Every structure is written in C-alpha cells, then in structure tokens.
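Undergrad: Let me begin by handing over the structure; questions about it come next.
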Amino acid sequence: MKKRALSEDRKAECLRLKAIFNSKKKDLGLTQEKLAHQLEMNQSSVSHYLNGVNPLNAQVAAAFSRILKVPVRDFSERLADEIEGIAAAASIVSKAVPALANATMLGPISVWDDETPLDDDEVYVPFLKEVELSAGSGRTVIEKSSSRKLRFGKQTLRNQGVQFDQAVCVTVHGNSMEPVLPDGSTVGVDRACTAVKDGKMYAIDHGGELRVKTLYRMPGGGLRFRSFNQDEHPDEEYSAEELAEKNISVLGKVFWYSVLL
C-alpha cells in the first residue's frame, strides 16, 4: 500500500533540514554515507528524512542538530518546542518523583556515553542498529551499537524477568505501529524470549531490517505480522519456508516502551 504523503508543514521541515545539510556538509566533511553512520541508521532512512518521505521526530531532530551543529529551531520550530517541553518535564519529574524514574526520558537526554557514571542500581542497555554491509549495496545487518545506550533500573528488569545481558533497545521508525508506538518510539526487548505468544509485540530481523510488530503463529510454523495502523499497513503472512528464504527471525519480546508525546 502506498505511503501517505506528509503534510506541507512536515515536509517543509525536512526540506529545511536538507538545505542545511547541503550547505554545511563540505565544511563538516560530511557525505550522506558519513551522516548515516553517525546517526546509526542506513542511507535510505537518512534520505527518507531529508526528502520528506518520513516525518522528523524529536529524537531524530536532536541527532541531526548535534551532527550538523545547528539548533533544531533552524529547521523545526515545532520540534524545538517539543524538545524543550520534554526537557522541562524531565526536570520536574526527576525532582518530584525520583524513585519512579526507571529509565531516562527519550531524545537528547536519553542517550549516554561510556563516560557517564552509573548508579549502583542501574545498568546500560544497548541499542540495536542497522549497519550497511558495503556502500551502495542496500544490504544491512543488525548489530549492537557501541555508543548508543539507555539507562534502566535493575529492579525494572528484574520485575519483567529480563536478564541484564539479554536486554536491548530498538527505535521504532515509521507509522505502522501508531498510535501505540509513534515514529521515534523506543522499545526494550528481551532477547532471551523468542517463543511467540499470540498478540504480543516482538522485535524482528527482516533480512537486516529492524521491525517491531505484533505476532501470531500460523499452522506449519509460519507467522502473521500485525501492525496497529492497519488502515495503511495490512497483515503480512509468512510460511515457515518464506521466513527462512527472507532471513526473517524473531529477535525478542518487547517488555517496555516509551514514546515522545
């Protein structure tokens, strides 16, 4: 089914960002390939954002802003206001109910580096990312990011029955899982739990593409993929043979998610 075109204001944000990239890429020594590497996504995803195929969200906008060294407000007043609101809300919540904060807020304040100290009751959970095998091939594999990670409280993982070393995070792209998981949402995935229970959400490796779907078992070992946005994304059904042919595998069960409102 053909993807719905972006509204004029959303597309204008993307085109302003593209113009900034084109004007600064020489000075910053950037190509689209290098930009994709720093954003930890494939080149097609970068192209979709720059050309107004996929809408920008706060998390992606913050990443572009950091790499291109420009304020988010230069290309999106809407997202700049949203990010400021998230930061303000995070500050209020952390002061008012620190004991309830099992994970940091998403966006520019959710990504940590190796130099950020952990509290004794916290662990780092790495993100999975798509990595292109070679320039221009279009083929990707899924790997753990060496830099992007999210803080989790150890008790949160224990309550979900998740071993610390089996937890990973995945960023949801596109609108197929709206309204539950809008574009840019983050989910926590238990890699030890790959046995499918009907109606539960799972992260999937679809031939090197990271996807999040609700799964249902089919006779003969097949799987049905279901999106929440079924108007634009109808069910997909794969037999056991097709799963093998298309290199589709279940990475783990979603045990936690967080969205930007």
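Residue names in the structure tokens use chain letters A, B, ... in the order shown, residue numbers from 1 in each chain, and ligand numbers from 1 in the order shown.
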Using only C-alpha atoms, which protein or nucleic acid residues come within 12 Å of region 18-30 of chain A? Drop anything in the same chain fewer than 6 positions from it, and give the result as a list of chain:residue names.
TA: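 The residues satisfying every condition are A:Lys11, A:Ala12, A:Ala36, A:His37, A:Gln38, A:Leu39, A:Val46, A:Ser47, A:His48, A:Tyr49, A:Leu50, A:Asn51, A:Gly52, A:Leu56, A:Ala61, A:Phe64, A:Ser65, A:Arg66, A:Ile67, A:Leu68, A:Lys69, A:Val70, A:Pro71, A:Val72, A:Arg73, A:Asp74, A:Phe75, A:Ser76.
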Undergrad: If we count only C-alpha atoms, what is near Asn42 (chain A) at a cut-off of 8 Å, once residues fewer than 2 positions away on the same chain are taken out, given as a list in words?
TA: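 These residues fall inside the cut-off: Ala36, His37, Glu40, Ser44, Ser45, Val46, Glu130, Val131, Glu132 and Thr140 of chain A.
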Undergrad: Enumerate, in order of chain and increasing residue number, the residues of region 3-95 of chain A with an atom no farther than 12 Å from region 175-184 of chain A, each with its shortest atom pair and distance in Å to one decimal, counting only C-alpha atoms, as a Markdown table.
TA:
| residue | atom | partner | partner_atom | distance |
| --- | --- | --- | --- | --- |
| A:Lys3 | CA | A:Asn175 | CA | 9.5 |
| A:Arg4 | CA | A:Asn175 | CA | 9.9 |
| A:Ala5 | CA | A:Asn175 | CA | 11.9 |
| A:Leu6 | CA | A:Asn175 | CA | 11.4 |
| A:Tyr49 | CA | A:Asp183 | CA | 11.7 |
| A:Val53 | CA | A:Asn175 | CA | 11.5 |
| A:Asn54 | CA | A:Asn175 | CA | 8.8 |
| A:Pro55 | CA | A:Asp183 | CA | 8.1 |
| A:Leu56 | CA | A:Asp183 | CA | 8.4 |
| A:Asn57 | CA | A:Gly184 | CA | 6.1 |
| A:Ala58 | CA | A:Gly184 | CA | 7.6 |
| A:Gln59 | CA | A:Gly184 | CA | 6.4 |
| A:Val60 | CA | A:Gly184 | CA | 7.3 |
| A:Ala61 | CA | A:Gly184 | CA | 10.1 |
| A:Ala62 | CA | A:Gly184 | CA | 11.5 |
| A:Ala63 | CA | A:Gly184 | CA | 11.7 |
Undergrad: Mind the document's chain letters and residue numbers, and return as an MDAnalysis selection string the residues of region 11-235 of chain A that DSSP labels alpha helix (DSSP H).
TA: chainID A and resid 11:28 32:39 43:50 58:68 77:96 154:159
Undergrad: Those selected residues, please, written with C-alpha atoms and delivered as a PDB file, in the first residue's frame.
TA:
ATOM      1  CA  LYS A  11       7.670  18.172   4.507  1.00  0.00           C
ATOM      2  CA  ALA A  12       8.922  21.766   4.772  1.00  0.00           C
ATOM      3  CA  GLU A  13      10.779  20.825   7.980  1.00  0.00           C
ATOM      4  CA  CYS A  14      12.538  18.007   6.136  1.00  0.00           C
ATOM      5  CA  LEU A  15      13.471  20.235   3.203  1.00  0.00           C
ATOM      6  CA  ARG A  16      14.855  22.935   5.501  1.00  0.00           C
ATOM      7  CA  LEU A  17      16.988  20.266   7.168  1.00  0.00           C
ATOM      8  CA  LYS A  18      18.146  19.045   3.756  1.00  0.00           C
ATOM      9  CA  ALA A  19      19.141  22.578   2.756  1.00  0.00           C
ATOM     10  CA  ILE A  20      21.147  22.935   5.980  1.00  0.00           C
ATOM     11  CA  PHE A  21      22.890  19.614   5.332  1.00  0.00           C
ATOM     12  CA  ASN A  22      23.752  20.620   1.762  1.00  0.00           C
ATOM     13  CA  SER A  23      25.104  23.987   2.897  1.00  0.00           C
ATOM     14  CA  LYS A  24      27.237  22.576   5.717  1.00  0.00           C
ATOM     15  CA  LYS A  25      28.355  19.152   4.501  1.00  0.00           C
ATOM     16  CA  LYS A  26      31.550  20.445   2.846  1.00  0.00           C
ATOM     17  CA  ASP A  27      32.708  22.382   5.908  1.00  0.00           C
ATOM     18  CA  LEU A  28      31.847  19.468   8.192  1.00  0.00           C
ATOM     19  CA  GLN A  32      25.209  11.179   3.225  1.00  0.00           C
ATOM     20  CA  GLU A  33      27.024   7.909   3.962  1.00  0.00           C
ATOM     21  CA  LYS A  34      29.027   9.500   6.806  1.00  0.00           C
ATOM     22  CA  LEU A  35      25.897  11.207   8.113  1.00  0.00           C
ATOM     23  CA  ALA A  36      24.076   7.866   8.154  1.00  0.00           C
ATOM     24  CA  HIS A  37      26.977   6.282  10.047  1.00  0.00           C
ATOM     25  CA  GLN A  38      26.909   8.988  12.719  1.00  0.00           C
ATOM     26  CA  LEU A  39      23.122   8.736  13.011  1.00  0.00           C
ATOM     27  CA  GLN A  43      21.378   5.732   3.993  1.00  0.00           C
ATOM     28  CA  SER A  44      17.855   5.088   2.760  1.00  0.00           C
ATOM     29  CA  SER A  45      16.443   6.138   6.149  1.00  0.00           C
ATOM     30  CA  VAL A  46      18.501   9.345   6.052  1.00  0.00           C
ATOM     31  CA  SER A  47      17.276  10.033   2.517  1.00  0.00           C
ATOM     32  CA  HIS A  48      13.667   9.497   3.600  1.00  0.00           C
ATOM     33  CA  TYR A  49      14.048  12.113   6.340  1.00  0.00           C
ATOM     34  CA  LEU A  50      15.852  14.661   4.151  1.00  0.00           C
ATOM     35  CA  ALA A  58      12.241  14.956  18.349  1.00  0.00           C
ATOM     36  CA  GLN A  59      14.796  12.184  18.787  1.00  0.00           C
ATOM     37  CA  VAL A  60      15.937  12.275  15.154  1.00  0.00           C
ATOM     38  CA  ALA A  61      15.865  16.076  15.046  1.00  0.00           C
ATOM     39  CA  ALA A  62      18.121  16.273  18.103  1.00  0.00           C
ATOM     40  CA  ALA A  63      20.596  13.877  16.472  1.00  0.00           C
ATOM     41  CA  PHE A  64      20.684  15.878  13.210  1.00  0.00           C
ATOM     42  CA  SER A  65      21.093  19.075  15.243  1.00  0.00           C
ATOM     43  CA  ARG A  66      24.086  17.691  17.111  1.00  0.00           C
ATOM     44  CA  ILE A  67      25.870  16.417  13.989  1.00  0.00           C
ATOM     45  CA  LEU A  68      25.157  19.464  11.798  1.00  0.00           C
ATOM     46  CA  GLU A  77      10.002  25.352  15.472  1.00  0.00           C
ATOM     47  CA  ARG A  78       7.550  22.568  16.330  1.00  0.00           C
ATOM     48  CA  LEU A  79      10.194  20.028  17.361  1.00  0.00           C
ATOM     49  CA  ALA A  80      12.312  22.630  19.153  1.00  0.00           C
ATOM     50  CA  ASP A  81       9.308  23.461  21.335  1.00  0.00           C
ATOM     51  CA  GLU A  82       8.635  19.747  21.867  1.00  0.00           C
ATOM     52  CA  ILE A  83      12.224  19.036  22.945  1.00  0.00           C
ATOM     53  CA  GLU A  84      12.200  21.989  25.334  1.00  0.00           C
ATOM     54  CA  GLY A  85       8.939  20.713  26.795  1.00  0.00           C
ATOM     55  CA  ILE A  86      10.378  17.209  27.256  1.00  0.00           C
ATOM     56  CA  ALA A  87      13.472  18.584  28.980  1.00  0.00           C
ATOM     57  CA  ALA A  88      11.348  20.709  31.300  1.00  0.00           C
ATOM     58  CA  ALA A  89       9.057  17.773  32.111  1.00  0.00           C
ATOM     59  CA  ALA A  90      12.043  15.528  32.789  1.00  0.00           C
ATOM     60  CA  SER A  91      13.453  18.065  35.227  1.00  0.00           C
ATOM     61  CA  ILE A  92      10.145  18.342  37.075  1.00  0.00           C
ATOM     62  CA  VAL A  93       9.640  14.576  37.248  1.00  0.00           C
ATOM     63  CA  SER A  94      13.183  13.851  38.401  1.00  0.00           C
ATOM     64  CA  LYS A  95      12.813  16.359  41.252  1.00  0.00           C
ATOM     65  CA  ALA A  96       9.293  15.355  42.256  1.00  0.00           C
ATOM     66  CA  LYS A 154      17.933  -3.109  37.705  1.00  0.00           C
ATOM     67  CA  GLN A 155      14.660  -3.609  39.558  1.00  0.00           C
ATOM     68  CA  THR A 156      12.690  -2.732  36.419  1.00  0.00           C
ATOM     69  CA  LEU A 157      14.407  -5.535  34.524  1.00  0.00           C
ATOM     70  CA  ARG A 158      14.048  -7.975  37.425  1.00  0.00           C
ATOM     71  CA  ASN A 159      10.314  -7.226  37.654  1.00  0.00           C
TER      72      ASN A 159
END
Undergrad: Between A:Ile142, A:Ala244, A:Val125, A:Val250, which residue has the minimum interatomic distance to Val162 (chain A), considering only C-alpha atoms?
TA: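 Among the listed residues, A:Val125 lies closest to Val162 (chain A).
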Undergrad: What is the CA of Asp190 (chain A)-CA of Tyr216 (chain A) distance in Å, reported with one decimal?
TA: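 If I compute the distance from CA of Asp190 (chain A) to CA of Tyr216 (chain A), I get 17.8 Å.
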Undergrad: So the first atom is CA of Phe127 (chain A) and the second is CA of His206 (chain A); what is the distance between them in Å, to one decimal place?
TA: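 According to the coordinates, CA of Phe127 (chain A) and CA of His206 (chain A) are separated by 16.9 Å.
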Undergrad: Pick the closest to Asp205 (chain A) from A:Asp120, A:Glu143, A:Glu241, A:Glu8: which is it, counting only C-alpha atoms?
TA: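 Looking only at the distances to Asp205 (chain A), the closest residue turns out to be A:Glu143.
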Undergrad: Tell me, as a count of residues only, which residues lie within 8 Å of Asp235 (chain A), counting only C-alpha atoms; anything in the same chain fewer than 2 positions away does not count.
TA: 7
Undergrad: Near Val254 (chain A), within 7 Å and counting only C-alpha atoms, which residues show up once chain neighbours fewer than 5 positions away are dropped, as a VMD selection string?
TA: chain A and resid 187 to 190 201 to 203
Undergrad: Looking at only C-alpha atoms, which of A:Phe152, A:Gln166, A:Asn247, A:Lys253 is the one that sits closest to Val196 (chain A)?
TA: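 Using only C-alpha atoms, Val196 (chain A) sits closest to A:Lys253.
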Undergrad: Find, counting only C-alpha atoms, the residue in A:Gly207, A:Asp165, A:Met41, A:Gly153 that gets nearest to Lys246 (chain A).
TA: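 Going through A:Gly207, A:Asp165, A:Met41, A:Gly153 one by one, the smallest distance to Lys246 (chain A) is for A:Gly207.
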Undergrad: Rank nothing, just name the residue among A:Val141, A:Ser185, A:Asn229, A:Val170 nearest to Ile248 (chain A), using only C-alpha atoms.
TA: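 Ranking A:Val141, A:Ser185, A:Asn229, A:Val170 by distance to Ile248 (chain A), first place goes to A:Val141.
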Undergrad: Hey, what's within 7 Å of Ser145 (chain A) if we count only C-alpha atoms and toss same-chain stuff fewer than 2 positions away? As a compact mmCIF listing (two decimals) with N, CA and C atoms, in the first residue's frame, please?
TA:
# COMPACT_ATOMS: atom_id res chain seq x y z
N PRO A 126 22.07 -1.55 25.60
CA PRO A 126 22.49 -1.04 24.28
C PRO A 126 21.35 -1.03 23.28
N PHE A 127 21.46 -0.16 22.29
CA PHE A 127 20.53 -0.13 21.17
C PHE A 127 21.00 -1.08 20.08
N LEU A 128 20.07 -1.68 19.36
CA LEU A 128 20.39 -2.37 18.13
C LEU A 128 20.32 -1.37 16.98
N LYS A 129 21.11 -1.61 15.95
CA LYS A 129 21.12 -0.71 14.80
C LYS A 129 21.29 -1.51 13.52
N GLU A 143 23.26 -5.08 14.36
CA GLU A 143 24.32 -5.21 15.36
C GLU A 143 23.98 -4.35 16.57
N SER A 147 27.88 2.72 21.04
CA SER A 147 27.81 4.01 21.72
C SER A 147 26.42 4.34 22.27
N ARG A 148 25.37 4.06 21.52
CA ARG A 148 24.02 4.42 21.98
C ARG A 148 23.53 3.42 23.00
Undergrad: I want to know what sits within 10 Å of Met218 (chain A), based on only C-alpha atoms, with residues of the same chain fewer than 4 positions away left out; could you give that as a list in words?
TA: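 The filter keeps Asp198, Gly222, Leu223, Arg224, Glu237, Tyr238, Ser239 and Ala240 of chain A.
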